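Undergrad: You'll find entry_10.csv just under this line, and it carries CSV, C-alpha atoms.
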chain,number,residue,atom,x,y,z
O,1,MET,CA,50.5,-36.2,-43.7
O,2,LYS,CA,46.8,-37.1,-44.0
O,3,LYS,CA,47.6,-40.7,-43.8
O,4,ALA,CA,49.7,-40.2,-40.6
O,5,VAL,CA,46.9,-38.2,-39.0
O,6,PHE,CA,44.3,-40.8,-40.0
O,7,LEU,CA,46.5,-43.6,-38.7
O,8,LEU,CA,47.0,-41.7,-35.4
O,9,LEU,CA,43.3,-41.1,-35.1
O,10,VAL,CA,42.5,-44.8,-35.7
O,11,THR,CA,45.1,-45.9,-33.2
O,12,ALA,CA,43.7,-43.4,-30.6
O,13,VAL,CA,40.1,-44.7,-31.2
O,14,PHE,CA,41.2,-48.3,-31.0
O,15,ALA,CA,43.3,-47.7,-27.8
O,16,GLY,CA,40.4,-45.8,-26.2
O,17,GLY,CA,37.9,-48.4,-27.1
O,18,PHE,CA,40.2,-51.2,-25.8
O,19,SER,CA,40.7,-49.3,-22.6
O,20,LEU,CA,37.0,-49.0,-22.0
O,21,TRP,CA,36.5,-52.7,-22.8
O,22,ALA,CA,39.2,-53.7,-20.4
O,23,GLN,CA,37.6,-51.7,-17.6
O,24,HIS,CA,34.2,-53.2,-18.2
O,25,ASP,CA,33.6,-56.1,-15.9
O,26,ASP,CA,30.6,-58.5,-16.5
O,27,THR,CA,30.7,-59.6,-12.9
O,28,ALA,CA,29.5,-57.5,-10.1
O,29,GLN,CA,31.9,-56.6,-7.3
O,30,PHE,CA,31.7,-57.2,-3.6
O,31,PRO,CA,29.6,-54.2,-2.4
O,32,LYS,CA,31.8,-51.9,-0.2
O,33,ASP,CA,30.3,-50.4,2.9
O,34,PHE,CA,27.0,-52.3,2.5
O,35,ARG,CA,26.5,-52.1,6.2
O,36,LYS,CA,25.9,-48.3,5.8
O,37,TRP,CA,23.0,-49.0,3.4
O,38,ALA,CA,19.4,-49.2,4.4
O,39,HIS,CA,18.8,-52.0,6.9
O,40,VAL,CA,15.8,-54.0,5.6
O,41,LYS,CA,15.4,-56.5,8.5
O,42,SER,CA,17.2,-59.0,10.7
O,43,VAL,CA,16.4,-62.7,11.3
O,44,LEU,CA,17.7,-65.1,13.8
O,45,VAL,CA,17.8,-68.8,12.6
O,46,GLY,CA,18.2,-70.9,15.7
O,47,PRO,CA,19.0,-74.6,16.3
O,48,GLN,CA,15.3,-75.5,16.2
O,49,SER,CA,15.2,-74.6,12.4
O,50,ALA,CA,15.5,-77.2,9.7
O,51,ALA,CA,17.8,-74.8,8.0
O,52,PHE,CA,20.1,-74.4,10.9
O,53,ALA,CA,23.1,-76.4,9.5
O,54,SER,CA,23.5,-74.0,6.6
O,55,GLU,CA,21.7,-70.9,7.7
O,56,GLY,CA,22.0,-70.8,11.4
O,57,GLY,CA,22.9,-67.4,12.9
O,58,ILE,CA,21.9,-63.8,12.7
O,59,HIS,CA,21.0,-62.5,9.2
O,60,HIS,CA,21.0,-58.8,8.4
O,61,ILE,CA,19.6,-57.8,5.0
O,62,TYR,CA,20.7,-54.5,3.4
O,63,ALA,CA,19.6,-52.7,0.3
O,64,ASN,CA,21.1,-50.0,-1.8
O,65,ASP,CA,19.0,-47.0,-2.9
O,66,LYS,CA,17.8,-48.7,-6.1
O,67,ALA,CA,16.7,-51.8,-4.2
O,68,LEU,CA,14.8,-49.5,-1.8
O,69,GLU,CA,12.7,-48.4,-4.8
O,70,GLY,CA,11.9,-52.1,-5.5
O,71,TYR,CA,10.9,-52.7,-1.9
O,72,THR,CA,8.4,-49.8,-2.3
O,73,SER,CA,7.1,-50.6,-5.8
O,74,GLY,CA,7.5,-54.4,-5.9
O,75,LYS,CA,9.6,-54.0,-9.1
O,76,PHE,CA,13.4,-53.9,-8.6
O,77,PRO,CA,15.2,-51.8,-11.2
O,78,ASP,CA,18.5,-52.7,-12.7
O,79,GLY,CA,21.3,-51.7,-10.4
O,80,SER,CA,19.4,-53.0,-7.3
O,81,VAL,CA,21.7,-54.7,-4.8
O,82,ILE,CA,20.5,-56.7,-1.9
O,83,VAL,CA,23.0,-58.1,0.7
O,84,TYR,CA,22.3,-61.0,3.0
O,85,ASP,CA,24.9,-60.8,5.8
O,86,LEU,CA,25.0,-64.1,7.8
O,87,LEU,CA,26.8,-64.0,11.1
O,88,GLU,CA,27.5,-66.8,13.6
O,89,THR,CA,26.0,-66.3,17.0
O,90,LYS,CA,27.8,-66.2,20.4
O,91,GLU,CA,26.2,-66.7,23.8
O,92,ILE,CA,27.5,-64.3,26.4
O,93,ALA,CA,25.9,-64.2,29.9
O,94,GLY,CA,22.6,-65.3,28.5
O,95,ASN,CA,22.7,-62.9,25.6
O,96,THR,CA,22.9,-63.9,21.9
O,97,THR,CA,25.3,-61.6,20.1
O,98,GLU,CA,26.9,-61.4,16.7
O,99,GLY,CA,29.9,-63.7,16.0
O,100,PRO,CA,32.2,-63.9,13.0
O,101,THR,CA,30.8,-63.6,9.5
O,102,ARG,CA,29.8,-67.0,8.0
O,103,ARG,CA,29.1,-65.6,4.5
O,104,VAL,CA,27.8,-62.6,2.6
O,105,ASP,CA,25.3,-63.4,-0.2
O,106,VAL,CA,24.6,-60.7,-2.8
O,107,MET,CA,21.9,-60.3,-5.4
O,108,VAL,CA,22.4,-57.8,-8.2
O,109,ARG,CA,19.7,-56.9,-10.7
O,110,ARG,CA,21.0,-57.0,-14.2
O,111,THR,CA,18.1,-58.0,-16.4
O,112,GLU,CA,20.0,-58.1,-19.8
O,113,LEU,CA,22.8,-60.3,-18.5
O,114,TYR,CA,20.7,-62.7,-16.3
O,115,ARG,CA,17.4,-63.3,-18.2
O,116,THR,CA,17.2,-66.9,-17.1
O,117,THR,CA,17.4,-66.1,-13.4
O,118,GLY,CA,14.7,-63.5,-13.2
O,119,GLY,CA,17.2,-60.8,-14.0
O,120,TRP,CA,19.3,-61.4,-10.9
O,121,GLU,CA,23.0,-62.4,-10.5
O,122,PHE,CA,23.6,-64.4,-7.3
O,123,MET,CA,27.0,-64.3,-5.5
O,124,SER,CA,28.3,-65.7,-2.2
O,125,PHE,CA,31.4,-64.7,-0.3
O,126,PRO,CA,32.4,-67.2,2.4
O,127,GLY,CA,33.6,-65.5,5.5
O,128,GLY,CA,32.7,-62.1,4.0
O,129,ASN,CA,36.0,-62.2,2.0
O,130,PRO,CA,35.6,-60.0,-1.1
O,131,ALA,CA,38.1,-62.3,-3.0
O,132,SER,CA,36.3,-65.5,-2.2
O,133,GLU,CA,33.2,-65.5,-4.4
O,134,SER,CA,32.2,-69.1,-4.7
O,135,LEU,CA,29.0,-69.8,-6.5
O,136,THR,CA,29.2,-72.4,-9.3
O,137,ALA,CA,26.8,-72.2,-12.2
O,138,GLU,CA,24.8,-75.1,-10.6
O,139,ARG,CA,24.6,-73.2,-7.3
O,140,GLN,CA,23.5,-70.0,-9.1
O,141,ALA,CA,20.7,-72.1,-10.8
O,142,ALA,CA,19.7,-73.4,-7.4
O,143,CYS,CA,19.5,-69.9,-6.0
O,144,ALA,CA,17.4,-68.8,-8.9
O,145,GLY,CA,15.1,-71.8,-8.6
O,146,CYS,CA,14.4,-71.1,-5.0
O,147,HIS,CA,13.9,-67.3,-5.6
O,148,ALA,CA,11.4,-68.2,-8.4
O,149,ASN,CA,9.1,-69.0,-5.5
O,150,ARG,CA,8.8,-65.2,-5.0
O,151,LYS,CA,8.2,-64.2,-8.6
O,152,ASP,CA,5.3,-62.2,-7.2
O,153,HIS,CA,7.8,-60.0,-5.4
O,154,ASP,CA,10.3,-59.8,-8.3
O,155,PHE,CA,12.2,-62.9,-7.0
O,156,VAL,CA,13.0,-61.2,-3.6
O,157,PHE,CA,12.1,-63.0,-0.4
O,158,SER,CA,12.6,-60.2,2.1
O,159,GLU,CA,10.2,-57.4,2.6
O,160,PHE,CA,11.1,-54.0,4.0
O,161,ARG,CA,10.3,-53.9,7.7
O,162,LYS,CA,7.9,-51.0,8.3
Rewrite the coordinates I just gave you, this time as structure tokens.

TA:
Amino acid sequence: MKKAVFLLLVTAVFAGGFSLWAQHDDTAQFPKDFRKWAHVKSVLVGPQSAAFASEGGIHHIYANDKALEGYTSGKFPDGSVIVYDLLETKEIAGNTTEGPTRRVDVMVRRTELYRTTGGWEFMSFPGGNPASESLTAERQAACAGCHANRKDHDFVFSEFRK
């Protein structure tokens, strides 16, 4: 009887542990409802910019609550998420308006997993499609290299608009 109870207990612990392991995901997910988060700022990159080919359009930057702490203190805690929402532009009757989503870029602060990139995971979702994450290891390294220019602001380019 004791052996059967012990075996049942070991099986339950193993199954529970496996279930928790299977639910753990080392990659961050596309942030749902990010447009309801705090709006940090917007930028319009027009045809006169050298970056227009890849960055042209309207950029909206959003931050979750943890990232807001970082914008205040200059140190972004783990769990901070910053979203860079890049939209095409449309000209309608002399007005520049938002067009379709070009891509959604995401930075997630996870210092233990991303020590070589300043503690940040970088992701990019072409067309804003949650299933289309597309950054290769080389592209992630390029993102981290560029963001290293803002080490003084914990690797974050944007500053909260006051």

Undergrad: Residues of segment 68-103 of chain O that approach segment 112-124 of chain O to 12 Å or less, counting all atoms listed in the file: could you list each one with the shortest pair of atoms and its distance in Å to one decimal, rows by chain and increasing residue number, as a tab-separated table?

TA:
residue	atom	partner	partner_atom	distance
O:Lys75	CA	O:Gly119	CA	11.3
O:Phe76	CA	O:Gly119	CA	9.6
O:Pro77	CA	O:Gly119	CA	9.6
O:Asp78	CA	O:Gly119	CA	8.3
O:Gly79	CA	O:Trp120	CA	9.9
O:Ser80	CA	O:Trp120	CA	9.1
O:Val81	CA	O:Trp120	CA	9.4
O:Ile82	CA	O:Phe122	CA	9.9
O:Val83	CA	O:Met123	CA	9.6
O:Tyr84	CA	O:Ser124	CA	9.2
O:Asp85	CA	O:Ser124	CA	10.0
O:Leu86	CA	O:Ser124	CA	10.7
O:Arg102	CA	O:Ser124	CA	10.4
O:Arg103	CA	O:Ser124	CA	6.7

Undergrad: What does the structure give for the distance between atom CA of Ala51 of chain O and atom CA of Arg150 of chain O, in Å to one decimal?

TA: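 Straight-line distance from atom CA of Ala51 of chain O to atom CA of Arg150 of chain O works out to 18.5 Å.
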
Undergrad: O:Val156, O:Ala93, O:Leu87, O:Ala148: which is nearest Gly127 of chain O, counting all atoms listed in the file?

TA: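 The shortest atom-to-atom distance to Gly127 of chain O comes from O:Leu87.
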
Undergrad: Enter the distance from atom CA of Ala141 of chain O to atom CA of Pro126 of chain O, in Å, rounded to one decimal.

TA: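 We find that atom CA of Ala141 of chain O and atom CA of Pro126 of chain O lie 18.3 Å from each other.
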
Undergrad: Pick out the closest residue to Ala38 of chain O from this set: O:Val108, O:Ala63, O:Ala144, O:Ile92. Count all atoms listed in the file.

TA: O:Ala63

Undergrad: Write out as a ChimeraX atom specification the residues lying within 12 Å of Gln29 of chain O, counting only C-alpha atoms and excluding same-chain residues fewer than 2 positions away.

TA: /O:24-27,31-32,34,81,105-108,121-125,129-133

Undergrad: To one decimal in Å, tell me the separation between atom CA of His147 of chain O and atom CA of Ala67 of chain O.

TA: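 Separating atom CA of His147 of chain O from atom CA of Ala67 of chain O is a distance of 15.8 Å.
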
Undergrad: Considering all atoms listed in the file, can you say which of O:Gly128, O:Glu88, O:Gly99, O:Asp152 comes closest to Pro47 of chain O?

TA: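 Comparing O:Gly128, O:Glu88, O:Gly99, O:Asp152 against Pro47 of chain O, the winner is O:Glu88.
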
Undergrad: Would you mind telling me which residue in O:Val40, O:Phe160, O:Val104, O:Glu98 lies nearest to Leu135 of chain O when using all atoms listed in the file?

TA: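 Once distances to Leu135 of chain O are computed over all atoms listed in the file, the minimum belongs to O:Val104.
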
Undergrad: Measuring atom to atom with all atoms listed in the file, identify which of O:Tyr62, O:Phe52, O:Phe155, O:Gly145 is nearest to Arg35 of chain O.

TA: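 Among O:Tyr62, O:Phe52, O:Phe155, O:Gly145, it is O:Tyr62 that comes nearest to Arg35 of chain O.
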
Undergrad: Show me as a PDB file with C-alpha atoms, keeping the file's coordinate frame the residues that reach within 8 Å of (19.1, -65.1, 11.7), counting only C-alpha atoms and using the file's own coordinates.

TA:
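Saved file part.pdb follows:
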ATOM      1  CA  SER O  42      17.200 -59.000  10.700  1.00  0.00           C
ATOM      2  CA  VAL O  43      16.400 -62.700  11.300  1.00  0.00           C
ATOM      3  CA  LEU O  44      17.700 -65.100  13.800  1.00  0.00           C
ATOM      4  CA  VAL O  45      17.800 -68.800  12.600  1.00  0.00           C
ATOM      5  CA  GLY O  46      18.200 -70.900  15.700  1.00  0.00           C
ATOM      6  CA  GLU O  55      21.700 -70.900   7.700  1.00  0.00           C
ATOM      7  CA  GLY O  56      22.000 -70.800  11.400  1.00  0.00           C
ATOM      8  CA  GLY O  57      22.900 -67.400  12.900  1.00  0.00           C
ATOM      9  CA  ILE O  58      21.900 -63.800  12.700  1.00  0.00           C
ATOM     10  CA  HIS O  59      21.000 -62.500   9.200  1.00  0.00           C
ATOM     11  CA  HIS O  60      21.000 -58.800   8.400  1.00  0.00           C
ATOM     12  CA  LEU O  86      25.000 -64.100   7.800  1.00  0.00           C
ATOM     13  CA  LEU O  87      26.800 -64.000  11.100  1.00  0.00           C
TER      14      LEU O  87
END
